Every structure is written in C-alpha cells, then in structure tokens.
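Shown next, in structure tokens, is the structure this report addresses.
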Amino acid sequence: MSDKSSLPTAEQALPGRPTPLPLHNVHAVNGNPLIGPFPEHLEVAQFGMGCFWGAERRFWQQPGVWSTAAGYAGGHTPNPTYEETCTGLTGHTEVVQVVFDPSKISFADLLKLFWEAHDPTQGMRQGNDRGSQYRSAIYCHTPAQLQAAQASAAVFEAELRRAGFGSITTEIRDNVPFYAAEDYHQQYLHKNPGGYCGLRGTGVSFGEA
C-alpha cells in the first residue's frame with residue numbers, strides 16, 4: 001500500500017499512458033475551449049487548493065477568467081486517471097488550469113483568491129481530504145508569474161503567522177505539465193450544484209491585490 005502523504009520518485013510512479021484522456025473540449029459554463037492553444041493575449045496558470053471541484057468554480061466565477069479546467073499536475077505519471085491519482089502513486093495534485101485575460105483580471109487578483117480560499121499550511125491535505133493529491137500548489141507559466149507567486153507567498157505567510165498559523169507549504173514551480181481530468185470532473189459543481197465542496201479559507205486576508 002502506498003503512503004499517500006509522501007511523493008513517489010519517478011521510478012516508483014505509475015506509467016500512465018502516451019495519449020490524453022478523452023475530453024469534450026467545451027467549457028460547460030461559458031463555451032470556451034478547456035485545452036489550448038488559446039488566443040495569444042491570454043495567460044495560463046494552474047492552482048492546487050485541495051479538491052478541484054470547488055476550486056474550479058471559484059475561478060470560473062471571476063470576471064476576466066476566460067476558461068478553466070480541472071486536472072492533474074506536479075507529478076510524474078503522464079495522462080493519469082483520477083483513480084490512479086488517488087493512489088498517491090502519480091505524484092500529481094488536483095489543480096485548476098486558469099486561462100485569463102490580464103487586461104481584465106491580473107495574476108495578483110488570482111493569487112489573492114488562491115491564498116484566501118484555502119489553507120496553504122496543511123501540507124499533504126486540505127481539511128478532511130488527505131493525501132498528496134490535495135496539496136497546495138501554484139504552477140506558473142512565465143518568469144513574471146513565478147516571481148509574483150513567490151513574493152505573494154512571503155507576504156501571506158507573514159500574515160498567517162500573525163494570525164497563529166504555521167508556515168506555508170504551497171509548492172511553487174514553473175513549466176509543469178498539465179493533464180486534463182476526465183469529463184465528469186469538468187465544471188462539476190455546475191453540472192451537480194449540490195455536490196461536494198470542501199473549499200475553506202483561513203479567514204486571513206491577503207490585503208489588496
């Protein structure tokens with residue numbers, strides 16, 4: 001049995017598959033594509049905040065967000081299934097890919113939402129959801145995004161410590177492959193309005209974006 005609270009090495013990880021999982025490439029809320037290529041004026045980033053159902057809804061509700069997609073990132077297994085990710089043997093965390101128009105919503109705005117909407121100090125869990133697939137993460141796509149994410153983590157960690165929380169455990173990296181999740185996970189809480197959402201913040205404000 002795998003230890004879902006630790007990450008596998010590349011040698012320990014499940015092999016996955018060379019081709020993506022079947023996907024209906026249309027956002028159920030706004031009709032835009034889930035997977036690129038995207039219009040050149042848009043930017044992309046991925047955020048891990050625990051279960052991706054509630055996290056995706058928070059992002060698609062933001063004005064200026066062009067598309068969102070639930071998926072897996074940060075591990076070794078190419079094109080994993082949900083069941084494989086749940087074993088802890090892919091190394092991935094559940095993420096939301098956010099495609100946004102920086103002229104309408106800034107990356108700083110998205111970071112503020114990210115930090116305030118979950119608890120980034122919990123390590124390999126988020127609330128009652130336990131395992132490496134629920135770890136906090138920001139996967140950036142430009143040097144400017146990476147710098148902004150790292151700086152924001154330092155700022156918010158100071159705020160959290162003043163409120164009695166521990167250190168931020170959020171994984172911040174760039175150029176991390178994203179693998180879209182199965183169709184039934186996409187825009188899940190739009191399709192299932194009464195579905196599970198474990199998203200909960202710390203109550204600590206990041207301040208002005």
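How things are named: the first chain in the structure tokens is A, the next is B, and so on; residues count from 1 in each chain; ligands count from 1 in the order shown.
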Q. Would you give me, as an NGL selection string, the residues in stretch 68-103 of chain A that DSSP reads as strand (DSSP E or B)?
A. :A and (68-73 or 93-100)
Q.
Show me, as number ranges by chain, the residues that have an atom within 12 Å of A:Gly207 when counting only C-alpha atoms, minus same-chain residues fewer than 4 positions from it.
A. A: 108-109, 111-113, 115-116, 152, 155-156, 158-160, 203
Export of prior selection with all heavy atoms as an mmCIF file, in the first residue's frame:
data_model
loop_
_atom_site.group_PDB
_atom_site.id
_atom_site.type_symbol
_atom_site.label_atom_id
_atom_site.label_comp_id
_atom_site.auth_asym_id
_atom_site.auth_seq_id
_atom_site.Cartn_x
_atom_site.Cartn_y
_atom_site.Cartn_z
ATOM 1 N N ALA A 108 -2.157 38.965 -9.925
ATOM 2 C CA ALA A 108 -2.231 39.305 -8.500
ATOM 3 C C ALA A 108 -3.631 39.071 -7.947
ATOM 4 O O ALA A 108 -3.795 38.618 -6.811
ATOM 5 C CB ALA A 108 -1.806 40.755 -8.282
ATOM 6 N N ASP A 109 -4.651 39.383 -8.746
ATOM 7 C CA ASP A 109 -6.033 39.113 -8.324
ATOM 8 C C ASP A 109 -6.243 37.612 -8.102
ATOM 9 O O ASP A 109 -6.897 37.192 -7.137
ATOM 10 C CB ASP A 109 -7.025 39.595 -9.378
ATOM 11 C CG ASP A 109 -7.073 41.107 -9.518
ATOM 12 O OD1 ASP A 109 -6.901 41.798 -8.499
ATOM 13 O OD2 ASP A 109 -7.269 41.584 -10.655
ATOM 14 N N LEU A 111 -3.943 35.384 -7.418
ATOM 15 C CA LEU A 111 -3.182 34.965 -6.238
ATOM 16 C C LEU A 111 -3.938 35.296 -4.951
ATOM 17 O O LEU A 111 -3.957 34.495 -4.011
ATOM 18 C CB LEU A 111 -1.808 35.638 -6.232
ATOM 19 C CG LEU A 111 -0.810 35.141 -7.274
ATOM 20 C CD1 LEU A 111 0.422 36.045 -7.303
ATOM 21 C CD2 LEU A 111 -0.394 33.695 -7.005
ATOM 22 N N LYS A 112 -4.552 36.453 -4.908
ATOM 23 C CA LYS A 112 -5.332 36.828 -3.726
ATOM 24 C C LYS A 112 -6.464 35.822 -3.495
ATOM 25 O O LYS A 112 -6.674 35.359 -2.367
ATOM 26 C CB LYS A 112 -5.898 38.241 -3.901
ATOM 27 C CG LYS A 112 -6.811 38.713 -2.771
ATOM 28 C CD LYS A 112 -7.291 40.133 -3.020
ATOM 29 C CE LYS A 112 -8.404 40.547 -2.059
ATOM 30 N NZ LYS A 112 -7.969 40.559 -0.652
ATOM 31 N N LEU A 113 -7.183 35.481 -4.553
ATOM 32 C CA LEU A 113 -8.249 34.479 -4.441
ATOM 33 C C LEU A 113 -7.675 33.159 -3.944
ATOM 34 O O LEU A 113 -8.229 32.526 -3.035
ATOM 35 C CB LEU A 113 -8.933 34.300 -5.795
ATOM 36 C CG LEU A 113 -10.155 33.378 -5.889
ATOM 37 C CD1 LEU A 113 -10.976 33.741 -7.120
ATOM 38 C CD2 LEU A 113 -9.784 31.902 -5.946
ATOM 39 N N TRP A 115 -4.870 32.431 -2.224
ATOM 40 C CA TRP A 115 -4.401 32.394 -0.833
ATOM 41 C C TRP A 115 -5.563 32.431 0.149
ATOM 42 O O TRP A 115 -5.545 31.753 1.183
ATOM 43 C CB TRP A 115 -3.457 33.558 -0.566
ATOM 44 C CG TRP A 115 -2.144 33.494 -1.272
ATOM 45 C CD1 TRP A 115 -1.633 34.410 -2.145
ATOM 46 C CD2 TRP A 115 -1.155 32.459 -1.178
ATOM 47 N NE1 TRP A 115 -0.401 34.007 -2.597
ATOM 48 C CE2 TRP A 115 -0.074 32.815 -2.019
ATOM 49 C CE3 TRP A 115 -1.068 31.259 -0.464
ATOM 50 C CZ2 TRP A 115 1.061 32.023 -2.179
ATOM 51 C CZ3 TRP A 115 0.065 30.461 -0.617
ATOM 52 C CH2 TRP A 115 1.113 30.846 -1.453
ATOM 53 N N GLU A 116 -6.607 33.213 -0.152
ATOM 54 C CA GLU A 116 -7.687 33.391 0.809
ATOM 55 C C GLU A 116 -8.713 32.262 0.801
ATOM 56 O O GLU A 116 -9.442 32.093 1.775
ATOM 57 C CB GLU A 116 -8.399 34.725 0.546
ATOM 58 C CG GLU A 116 -7.522 35.931 0.838
ATOM 59 C CD GLU A 116 -8.235 37.256 0.644
ATOM 60 O OE1 GLU A 116 -9.381 37.246 0.124
ATOM 61 O OE2 GLU A 116 -7.658 38.285 1.019
ATOM 62 N N SER A 152 4.284 36.758 -3.241
ATOM 63 C CA SER A 152 2.996 36.741 -2.542
ATOM 64 C C SER A 152 2.990 35.726 -1.407
ATOM 65 O O SER A 152 2.357 35.953 -0.369
ATOM 66 C CB SER A 152 1.862 36.464 -3.527
ATOM 67 O OG SER A 152 1.879 35.110 -3.975
ATOM 68 N N VAL A 155 4.602 37.302 1.595
ATOM 69 C CA VAL A 155 3.707 38.289 2.210
ATOM 70 C C VAL A 155 2.609 37.599 3.009
ATOM 71 O O VAL A 155 2.327 37.952 4.170
ATOM 72 C CB VAL A 155 3.098 39.200 1.121
ATOM 73 C CG1 VAL A 155 1.973 40.053 1.709
ATOM 74 C CG2 VAL A 155 4.168 40.085 0.500
ATOM 75 N N PHE A 156 1.987 36.598 2.416
ATOM 76 C CA PHE A 156 0.858 35.954 3.079
ATOM 77 C C PHE A 156 1.309 35.101 4.261
ATOM 78 O O PHE A 156 0.589 34.996 5.258
ATOM 79 C CB PHE A 156 0.059 35.118 2.085
ATOM 80 C CG PHE A 156 -1.310 34.739 2.581
ATOM 81 C CD1 PHE A 156 -2.190 35.700 3.046
ATOM 82 C CD2 PHE A 156 -1.740 33.421 2.579
ATOM 83 C CE1 PHE A 156 -3.462 35.374 3.505
ATOM 84 C CE2 PHE A 156 -3.001 33.078 3.027
ATOM 85 C CZ PHE A 156 -3.869 34.059 3.500
ATOM 86 N N ALA A 158 3.615 35.847 6.325
ATOM 87 C CA ALA A 158 3.745 36.771 7.449
ATOM 88 C C ALA A 158 2.383 37.067 8.062
ATOM 89 O O ALA A 158 2.237 37.127 9.295
ATOM 90 C CB ALA A 158 4.421 38.057 6.986
ATOM 91 N N GLU A 159 1.367 37.248 7.208
ATOM 92 C CA GLU A 159 0.014 37.485 7.711
ATOM 93 C C GLU A 159 -0.512 36.265 8.474
ATOM 94 O O GLU A 159 -1.139 36.398 9.536
ATOM 95 C CB GLU A 159 -0.924 37.823 6.549
ATOM 96 C CG GLU A 159 -0.605 39.112 5.834
ATOM 97 C CD GLU A 159 -0.799 40.338 6.707
ATOM 98 O OE1 GLU A 159 -1.664 40.293 7.614
ATOM 99 O OE2 GLU A 159 -0.096 41.339 6.511
ATOM 100 N N LEU A 160 -0.261 35.072 7.926
ATOM 101 C CA LEU A 160 -0.721 33.850 8.577
ATOM 102 C C LEU A 160 -0.056 33.657 9.937
ATOM 103 O O LEU A 160 -0.705 33.266 10.913
ATOM 104 C CB LEU A 160 -0.429 32.640 7.678
ATOM 105 C CG LEU A 160 -1.307 32.488 6.439
ATOM 106 C CD1 LEU A 160 -0.736 31.415 5.526
ATOM 107 C CD2 LEU A 160 -2.745 32.143 6.818
ATOM 108 N N GLY A 203 -9.576 32.556 6.902
ATOM 109 C CA GLY A 203 -10.130 33.775 7.446
ATOM 110 C C GLY A 203 -9.141 34.928 7.465
ATOM 111 O O GLY A 203 -9.485 36.058 7.842
#
Q) Pick the closest to A:Val98 from A:His27, A:Arg125, A:Arg135, A:Arg161: which is it, counting only C-alpha atoms? A)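 Using only C-alpha atoms, A:Val98 sits closest to A:His27.
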Q.
Excluding stretch 51-65 of chain A and its own-chain neighbours fewer than 3 positions away, which residues fall within 7 Å of it when counting only C-alpha atoms? Please give them as a ChimeraX atom specification.
A. /A:68,70,94-96,98-101,104-105,134,187-189,197-199
Q) Which is closest to A:Phe47 among A:Phe107, A:Tyr139, A:Phe206, A:Tyr179, if we use only C-alpha atoms? A)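 Closest to A:Phe47, using only C-alpha atoms: A:Tyr139.
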Q) Got a sec: who's within 10 Å of stretch 4-18 of chain A, counting only C-alpha atoms, leaving out chain neighbours fewer than 4 positions off, as a PyMOL selection string? A) chain A and resi 75-81+84-92+123-125+130-135
Using the selection just defined, write its residues with N, CA and C atoms as an mmCIF file, in the first residue's frame.
data_model
loop_
_atom_site.group_PDB
_atom_site.id
_atom_site.type_symbol
_atom_site.label_atom_id
_atom_site.label_comp_id
_atom_site.auth_asym_id
_atom_site.auth_seq_id
_atom_site.Cartn_x
_atom_site.Cartn_y
_atom_site.Cartn_z
ATOM 1 N N GLY A 75 3.331 15.915 -10.790
ATOM 2 C CA GLY A 75 3.887 14.592 -10.562
ATOM 3 C C GLY A 75 4.645 14.048 -11.745
ATOM 4 N N HIS A 76 4.643 12.726 -11.893
ATOM 5 C CA HIS A 76 5.438 12.054 -12.916
ATOM 6 C C HIS A 76 4.602 11.346 -13.978
ATOM 7 N N THR A 77 3.434 10.843 -13.612
ATOM 8 C CA THR A 77 2.654 9.968 -14.486
ATOM 9 C C THR A 77 2.000 10.756 -15.614
ATOM 10 N N PRO A 78 2.277 10.428 -16.886
ATOM 11 C CA PRO A 78 1.632 11.149 -17.982
ATOM 12 C C PRO A 78 0.176 10.708 -18.160
ATOM 13 N N ASN A 79 -0.694 11.694 -18.358
ATOM 14 C CA ASN A 79 -2.116 11.440 -18.638
ATOM 15 C C ASN A 79 -2.750 10.468 -17.639
ATOM 16 N N PRO A 80 -2.675 10.782 -16.350
ATOM 17 C CA PRO A 80 -3.215 9.857 -15.349
ATOM 18 C C PRO A 80 -4.737 9.901 -15.296
ATOM 19 N N THR A 81 -5.321 8.837 -14.773
ATOM 20 C CA THR A 81 -6.749 8.836 -14.464
ATOM 21 C C THR A 81 -6.940 9.326 -13.035
ATOM 22 N N GLU A 84 -5.957 6.569 -10.629
ATOM 23 C CA GLU A 84 -4.504 6.471 -10.464
ATOM 24 C C GLU A 84 -3.982 7.581 -9.557
ATOM 25 N N THR A 85 -4.487 8.780 -9.747
ATOM 26 C CA THR A 85 -4.043 9.903 -8.922
ATOM 27 C C THR A 85 -4.387 9.674 -7.462
ATOM 28 N N CYS A 86 -5.539 9.068 -7.202
ATOM 29 C CA CYS A 86 -5.982 8.805 -5.828
ATOM 30 C C CYS A 86 -5.094 7.805 -5.090
ATOM 31 N N THR A 87 -4.317 7.003 -5.812
ATOM 32 C CA THR A 87 -3.428 6.051 -5.141
ATOM 33 C C THR A 87 -2.231 6.742 -4.503
ATOM 34 N N GLY A 88 -1.945 7.971 -4.911
ATOM 35 C CA GLY A 88 -0.748 8.649 -4.446
ATOM 36 C C GLY A 88 0.494 8.270 -5.224
ATOM 37 N N LEU A 89 0.331 7.429 -6.242
ATOM 38 C CA LEU A 89 1.485 6.917 -6.985
ATOM 39 C C LEU A 89 1.702 7.611 -8.330
ATOM 40 N N THR A 90 1.038 8.736 -8.543
ATOM 41 C CA THR A 90 1.341 9.538 -9.738
ATOM 42 C C THR A 90 2.187 10.750 -9.374
ATOM 43 N N GLY A 91 2.110 11.176 -8.119
ATOM 44 C CA GLY A 91 2.805 12.374 -7.662
ATOM 45 C C GLY A 91 2.059 13.662 -7.957
ATOM 46 N N HIS A 92 0.911 13.564 -8.633
ATOM 47 C CA HIS A 92 0.174 14.763 -9.012
ATOM 48 C C HIS A 92 -0.681 15.290 -7.865
ATOM 49 N N GLY A 123 0.101 21.088 4.269
ATOM 50 C CA GLY A 123 0.916 20.007 3.717
ATOM 51 C C GLY A 123 0.127 19.112 2.787
ATOM 52 N N MET A 124 0.193 17.809 3.010
ATOM 53 C CA MET A 124 -0.430 16.836 2.108
ATOM 54 C C MET A 124 -1.898 16.584 2.452
ATOM 55 N N ARG A 125 -2.638 17.670 2.580
ATOM 56 C CA ARG A 125 -4.068 17.549 2.850
ATOM 57 C C ARG A 125 -4.711 18.912 2.677
ATOM 58 N N ARG A 130 -7.321 14.055 2.558
ATOM 59 C CA ARG A 130 -5.937 13.777 2.926
ATOM 60 C C ARG A 130 -5.203 13.028 1.818
ATOM 61 N N GLY A 131 -3.946 13.383 1.606
ATOM 62 C CA GLY A 131 -3.113 12.755 0.594
ATOM 63 C C GLY A 131 -2.423 13.795 -0.272
ATOM 64 N N SER A 132 -1.398 13.355 -0.983
ATOM 65 C CA SER A 132 -0.594 14.276 -1.785
ATOM 66 C C SER A 132 -1.387 14.932 -2.906
ATOM 67 N N GLN A 133 -2.497 14.331 -3.326
ATOM 68 C CA GLN A 133 -3.289 14.908 -4.406
ATOM 69 C C GLN A 133 -4.036 16.168 -3.975
ATOM 70 N N TYR A 134 -4.030 16.459 -2.670
ATOM 71 C CA TYR A 134 -4.731 17.632 -2.153
ATOM 72 C C TYR A 134 -3.763 18.722 -1.690
ATOM 73 N N ARG A 135 -2.500 18.604 -2.023
ATOM 74 C CA ARG A 135 -1.533 19.602 -1.573
ATOM 75 C C ARG A 135 -1.713 20.925 -2.323
#
(Q) To test your reading of the structure, identify every residue in stretch 171-201 of chain A that backbone DSSP assigns to alpha helix (DSSP H), and report it as number ranges by chain. (A) A: 188-191
Once you have the residues from the selection above, write them out as a PDB file, in the first residue's frame, restricted to all heavy atoms.
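Writing the result to selection-v6.pdb gives the following:
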ATOM      1  N   TYR A 188     -17.697  20.485 -12.482  1.00  0.00           N
ATOM      2  CA  TYR A 188     -18.506  19.508 -11.750  1.00  0.00           C
ATOM      3  C   TYR A 188     -19.640  20.171 -10.973  1.00  0.00           C
ATOM      4  O   TYR A 188     -20.778  19.679 -10.962  1.00  0.00           O
ATOM      5  CB  TYR A 188     -17.607  18.714 -10.792  1.00  0.00           C
ATOM      6  CG  TYR A 188     -18.343  17.648 -10.017  1.00  0.00           C
ATOM      7  CD1 TYR A 188     -18.526  16.382 -10.554  1.00  0.00           C
ATOM      8  CD2 TYR A 188     -18.864  17.905  -8.753  1.00  0.00           C
ATOM      9  CE1 TYR A 188     -19.217  15.394  -9.851  1.00  0.00           C
ATOM     10  CE2 TYR A 188     -19.552  16.941  -8.044  1.00  0.00           C
ATOM     11  CZ  TYR A 188     -19.720  15.684  -8.593  1.00  0.00           C
ATOM     12  OH  TYR A 188     -20.405  14.718  -7.891  1.00  0.00           O
ATOM     13  N   LEU A 189     -19.356  21.286 -10.307  1.00  0.00           N
ATOM     14  CA  LEU A 189     -20.388  21.902  -9.472  1.00  0.00           C
ATOM     15  C   LEU A 189     -21.396  22.716 -10.280  1.00  0.00           C
ATOM     16  O   LEU A 189     -22.438  23.111  -9.747  1.00  0.00           O
ATOM     17  CB  LEU A 189     -19.746  22.770  -8.381  1.00  0.00           C
ATOM     18  CG  LEU A 189     -18.982  21.974  -7.320  1.00  0.00           C
ATOM     19  CD1 LEU A 189     -18.369  22.902  -6.294  1.00  0.00           C
ATOM     20  CD2 LEU A 189     -19.885  20.942  -6.641  1.00  0.00           C
ATOM     21  N   HIS A 190     -21.129  22.945 -11.542  1.00  0.00           N
ATOM     22  CA  HIS A 190     -22.151  23.481 -12.439  1.00  0.00           C
ATOM     23  C   HIS A 190     -23.114  22.366 -12.839  1.00  0.00           C
ATOM     24  O   HIS A 190     -24.328  22.571 -12.869  1.00  0.00           O
ATOM     25  CB  HIS A 190     -21.498  24.089 -13.683  1.00  0.00           C
ATOM     26  CG  HIS A 190     -22.469  24.483 -14.750  1.00  0.00           C
ATOM     27  ND1 HIS A 190     -23.276  25.600 -14.647  1.00  0.00           N
ATOM     28  CD2 HIS A 190     -22.783  23.902 -15.944  1.00  0.00           C
ATOM     29  CE1 HIS A 190     -24.030  25.694 -15.734  1.00  0.00           C
ATOM     30  NE2 HIS A 190     -23.757  24.677 -16.536  1.00  0.00           N
ATOM     31  N   LYS A 191     -22.561  21.194 -13.111  1.00  0.00           N
ATOM     32  CA  LYS A 191     -23.378  20.046 -13.502  1.00  0.00           C
ATOM     33  C   LYS A 191     -24.080  19.413 -12.298  1.00  0.00           C
ATOM     34  O   LYS A 191     -25.150  18.803 -12.439  1.00  0.00           O
ATOM     35  CB  LYS A 191     -22.498  18.995 -14.188  1.00  0.00           C
ATOM     36  CG  LYS A 191     -21.761  19.499 -15.420  1.00  0.00           C
ATOM     37  CD  LYS A 191     -20.708  18.504 -15.873  1.00  0.00           C
ATOM     38  CE  LYS A 191     -19.871  19.017 -17.020  1.00  0.00           C
ATOM     39  NZ  LYS A 191     -18.753  18.104 -17.365  1.00  0.00           N
TER      40      LYS A 191
END
(Q) Measuring between only C-alpha atoms, which one of A:Gln46, A:Asn25, A:Ser167, A:Leu146 shows the shortest distance to A:Gly74? (A) A:Gln46
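Between atom CA of A:Arg162 and atom CA of A:Gln145 lies a distance of 25.9 Å.
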**Q.** Residues near A:Pro22, cut-off 10 Å, only C-alpha atoms, skip fewer than 4 positions along chain, as a PyMOL selection string
**A.** chain A and resi 180-183
Q: State, in Å with one decimal place, the distance from atom CA of A:Val26 to atom CA of A:Ala149.
A: 28.7 Å
